[in-house]
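Enquirer: What follows is start02.txt, compact mmCIF, C-alpha atoms.
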# COMPACT_ATOMS: atom_id res chain seq x y z
CA MET P 83 0.00 0.00 0.00
CA ALA P 84 2.97 2.33 0.38
CA ASN P 85 3.34 2.54 -3.41
CA MET P 86 -0.22 3.81 -4.07
CA ARG P 87 -0.64 7.44 -5.06
CA LEU P 88 -3.66 9.56 -5.77
CA PHE P 89 -3.93 10.19 -9.51
CA GLU P 90 -4.30 13.90 -10.09
CA PRO P 91 -2.93 14.96 -13.51
CA THR P 92 -2.70 18.63 -12.56
CA LEU P 93 -0.39 17.82 -9.65
CA ASN P 94 2.17 15.85 -11.68
CA ASP P 95 3.92 18.82 -13.27
CA PRO P 96 3.22 22.27 -11.83
CA PHE P 97 4.78 24.02 -14.84
CA GLU P 98 2.57 22.10 -17.29
CA SER P 99 -0.52 22.85 -15.20
CA MET P 100 0.34 26.57 -15.10
CA PHE P 101 0.98 26.59 -18.87
CA ARG P 102 -2.40 24.94 -19.59
CA ARG P 103 -4.27 27.46 -17.46
CA PHE P 104 -2.39 30.34 -19.09
CA MET P 105 -3.20 29.14 -22.62
CA ALA P 106 -6.83 28.12 -21.90
CA PRO P 107 -8.45 31.47 -22.81
CA LEU P 108 -6.75 31.58 -26.21
CA ARG P 109 -8.68 30.23 -29.17
CA ALA P 110 -7.35 29.47 -32.59
CA GLU P 111 -8.93 31.64 -35.27
CA ARG P 112 -11.13 29.65 -37.61
CA ASN P 113 -11.25 30.30 -41.31
CA HIS P 114 -14.68 30.80 -42.81
CA GLU P 115 -13.97 27.85 -45.11
CA GLU P 116 -13.86 25.56 -42.05
CA LEU P 117 -17.38 26.46 -40.97
CA ASP P 118 -19.95 23.91 -41.97
CA ILE P 119 -23.49 22.88 -41.22
CA ARG P 120 -23.41 19.76 -39.06
CA VAL P 121 -26.04 17.19 -40.06
CA ASP P 122 -27.37 13.85 -38.85
CA VAL P 123 -29.10 11.72 -41.49
CA THR P 124 -31.20 8.70 -40.57
CA GLU P 125 -33.34 6.37 -42.67
CA LYS P 126 -36.50 4.66 -41.45
CA ASP P 127 -39.81 3.48 -42.89
CA GLY P 128 -39.24 4.73 -46.43
CA MET P 129 -38.08 8.15 -45.27
CA PHE P 130 -34.87 10.06 -44.67
CA LYS P 131 -34.72 12.34 -41.65
CA VAL P 132 -32.12 15.11 -41.61
CA ARG P 133 -31.32 17.19 -38.55
CA ALA P 134 -29.03 20.18 -39.14
CA ASP P 135 -27.62 22.53 -36.49
CA LEU P 136 -28.12 26.18 -37.46
CA PRO P 137 -27.57 28.21 -34.28
CA GLY P 138 -28.24 31.92 -34.51
CA VAL P 139 -30.01 31.65 -37.87
CA LYS P 140 -33.56 32.90 -38.40
CA LYS P 141 -36.11 30.71 -40.16
CA GLU P 142 -36.50 33.17 -43.03
CA ASP P 143 -32.73 33.05 -43.72
CA ILE P 144 -32.74 29.30 -44.49
CA ASN P 145 -33.17 27.85 -47.98
CA VAL P 146 -33.52 24.11 -48.67
CA ARG P 147 -33.38 22.72 -52.22
CA ILE P 148 -34.02 19.16 -53.29
CA ASP P 149 -33.13 17.82 -56.72
CA GLY P 150 -33.58 14.05 -57.00
CA ASN P 151 -31.29 12.64 -54.32
CA LEU P 152 -29.33 15.88 -53.83
CA VAL P 153 -30.17 17.98 -50.77
CA GLN P 154 -28.74 21.49 -50.35
CA ILE P 155 -29.13 23.66 -47.26
CA ASP P 156 -28.17 27.34 -47.43
CA ALA P 157 -28.29 29.63 -44.40
CA GLU P 158 -27.19 33.12 -43.45
CA CYS P 159 -26.53 34.49 -40.00
CA LYS P 160 -26.69 38.27 -40.03
CA GLU P 161 -24.57 40.43 -37.73
CA GLU P 162 -26.35 42.18 -34.92
CA LYS P 163 -25.89 45.94 -35.22
CA ASP P 164 -26.75 46.86 -31.61
CA LEU P 165 -23.40 45.69 -30.18
CA LYS P 166 -21.77 49.10 -30.67
CA GLU P 167 -24.75 51.31 -29.79
CA ASP P 168 -24.60 54.01 -27.12
CA GLY P 169 -20.84 54.46 -27.38
CA GLY P 170 -20.07 50.92 -26.20
CA LYS P 171 -17.22 48.90 -27.60
CA VAL P 172 -16.87 45.26 -28.52
CA LEU P 173 -14.36 43.49 -26.28
CA ARG P 174 -14.51 40.08 -27.97
CA GLN P 175 -16.35 38.89 -31.06
CA GLU P 176 -16.18 35.17 -31.80
CA ARG P 177 -19.60 34.43 -33.26
CA TYR P 178 -19.76 33.75 -36.97
CA TYR P 179 -21.76 35.99 -39.27
CA GLY P 180 -22.23 35.25 -42.93
CA ALA P 181 -23.52 32.63 -45.32
CA VAL P 182 -22.90 28.91 -45.11
CA SER P 183 -24.02 26.08 -47.38
CA ARG P 184 -24.07 22.30 -47.26
CA ALA P 185 -24.97 19.82 -50.00
CA PHE P 186 -25.06 16.03 -49.83
CA THR P 187 -26.60 13.12 -51.70
CA LEU P 188 -28.88 10.42 -50.37
CA SER P 189 -29.03 6.80 -51.53
CA GLN P 190 -32.41 7.29 -53.23
CA ASP P 191 -34.40 10.10 -54.83
CA VAL P 192 -36.66 12.17 -52.57
CA ASP P 193 -40.36 12.79 -53.18
CA ASP P 194 -40.03 16.58 -52.88
CA ALA P 195 -43.82 17.09 -53.06
CA LYS P 196 -44.22 15.32 -49.71
CA ALA P 197 -41.06 16.68 -48.02
CA VAL P 198 -41.50 18.63 -44.76
CA ALA P 199 -39.12 21.13 -43.14
CA LYS P 200 -39.34 22.37 -39.53
CA PHE P 201 -37.07 24.78 -37.67
CA GLU P 202 -37.04 24.96 -33.89
CA ASP P 203 -34.42 25.96 -31.30
CA GLY P 204 -31.65 26.32 -33.90
CA VAL P 205 -32.22 22.86 -35.40
CA LEU P 206 -33.59 22.32 -38.90
CA THR P 207 -35.43 19.00 -39.28
CA LEU P 208 -36.21 17.66 -42.75
CA GLU P 209 -38.53 14.71 -43.31
CA LEU P 210 -37.81 13.49 -46.81
CA PRO P 211 -39.94 10.59 -48.09
CA LYS P 212 -38.29 8.35 -50.63
CA LYS P 213 -39.67 8.54 -54.16
CA ALA P 214 -41.39 5.34 -55.22
CA THR P 215 -39.06 3.34 -57.39
CA THR P 216 -40.22 2.07 -60.70
CA THR P 217 -39.70 -1.59 -61.44
CA ALA P 218 -37.66 -2.57 -64.43
CA LYS P 219 -39.68 -3.69 -67.39
CA LYS P 220 -38.53 -6.72 -69.30
CA LEU P 221 -38.91 -6.30 -73.03
CA ALA P 222 -40.00 -9.24 -75.13
CA ILE P 223 -37.72 -9.92 -78.06
CA HIS P 224 -39.61 -10.51 -81.34
Produce structure tokens that represent the structure in this file.
Expert:
Amino acid sequence: MANMRLFEPTLNDPFESMFRRFMAPLRAERNHEELDIRVDVTEKDGMFKVRADLPGVKKEDINVRIDGNLVQIDAECKEEKDLKEDGGKVLRQERYYGAVSRAFTLSQDVDDAKAVAKFEDGVLTLELPKKATTTAKKLAIH
């Protein structure tokens, strides 16, 4: 029992612990090209369900296009102008403002006439029924 020690990673190297705490507030700048709409796509009962995170975006600033099995989501987050009102100054601005787009294909065409889109709490939900497939017709050879 004399060889047992309490495992506490921050106590192993005081210099490393101090360095981590010093660097913690710094964030790497992200390029606008890195920003992307994160989506979850599931398939069940002849339907695709897409959930896309769009925080800070208003419903009227979202555009969804469906072309066969291609789904494209476009969104724009507009900058709030009241941050600098009344002589105030911005101390830190990390939120993204601008347009972002995401396109992906599904394994089967979508029946766009029956597709439904809902937007609530920053999450866009698409219910995309699969288009009925046509069966191959065998031609008789004369």
Enquirer: Using all atoms listed in the file, which residues sit within 6 Å of P:Gln154 once same-chain residues fewer than 4 positions away are excluded, as a ChimeraX atom specification?
Expert: /P:146-147,184-185
Enquirer: If you measure from atom CA of P:Val205 to atom CA of P:Met129, what distance in Å do you get, rounded to one decimal?
Expert: 18.7 Å
Enquirer: Hey, can you check how far atom CA of P:Thr215 sits from atom CA of P:Arg133?
Expert: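 Going from atom CA of P:Thr215 over to atom CA of P:Arg133 covers 24.6 Å.
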Enquirer: With 3 Å on each side, where is the centre of the axis-aligned box around all listed atoms of stretch 128-133 of chain P, and how long are its edges in Å to one decimal, as AutoDock Vina command-line options?
Expert:
--center_x -35.3 --center_y 11.0 --center_z -42.5 --size_x 13.9 --size_y 18.5 --size_z 13.9
Enquirer: If I take atom CA of P:Tyr179 and atom CA of P:Asp203, how far is one from the other in Å, to one decimal?
Expert: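 Separation between atom CA of P:Tyr179 and atom CA of P:Asp203: 18.0 Å.
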Enquirer: Counting all atoms listed in the file, which of P:Glu202, P:Ala197, P:Lys219, P:Asp156 gets nearest to P:Ile119?
Expert: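 That would be P:Asp156, the residue with the smallest distance to P:Ile119.
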Enquirer: Rank nothing, just name the residue among P:Ala214, P:Cys159, P:Leu206, P:Gly170 nearest to P:Asp122, using all atoms listed in the file.
Expert: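 Closest residue, counting all atoms listed in the file: P:Leu206.
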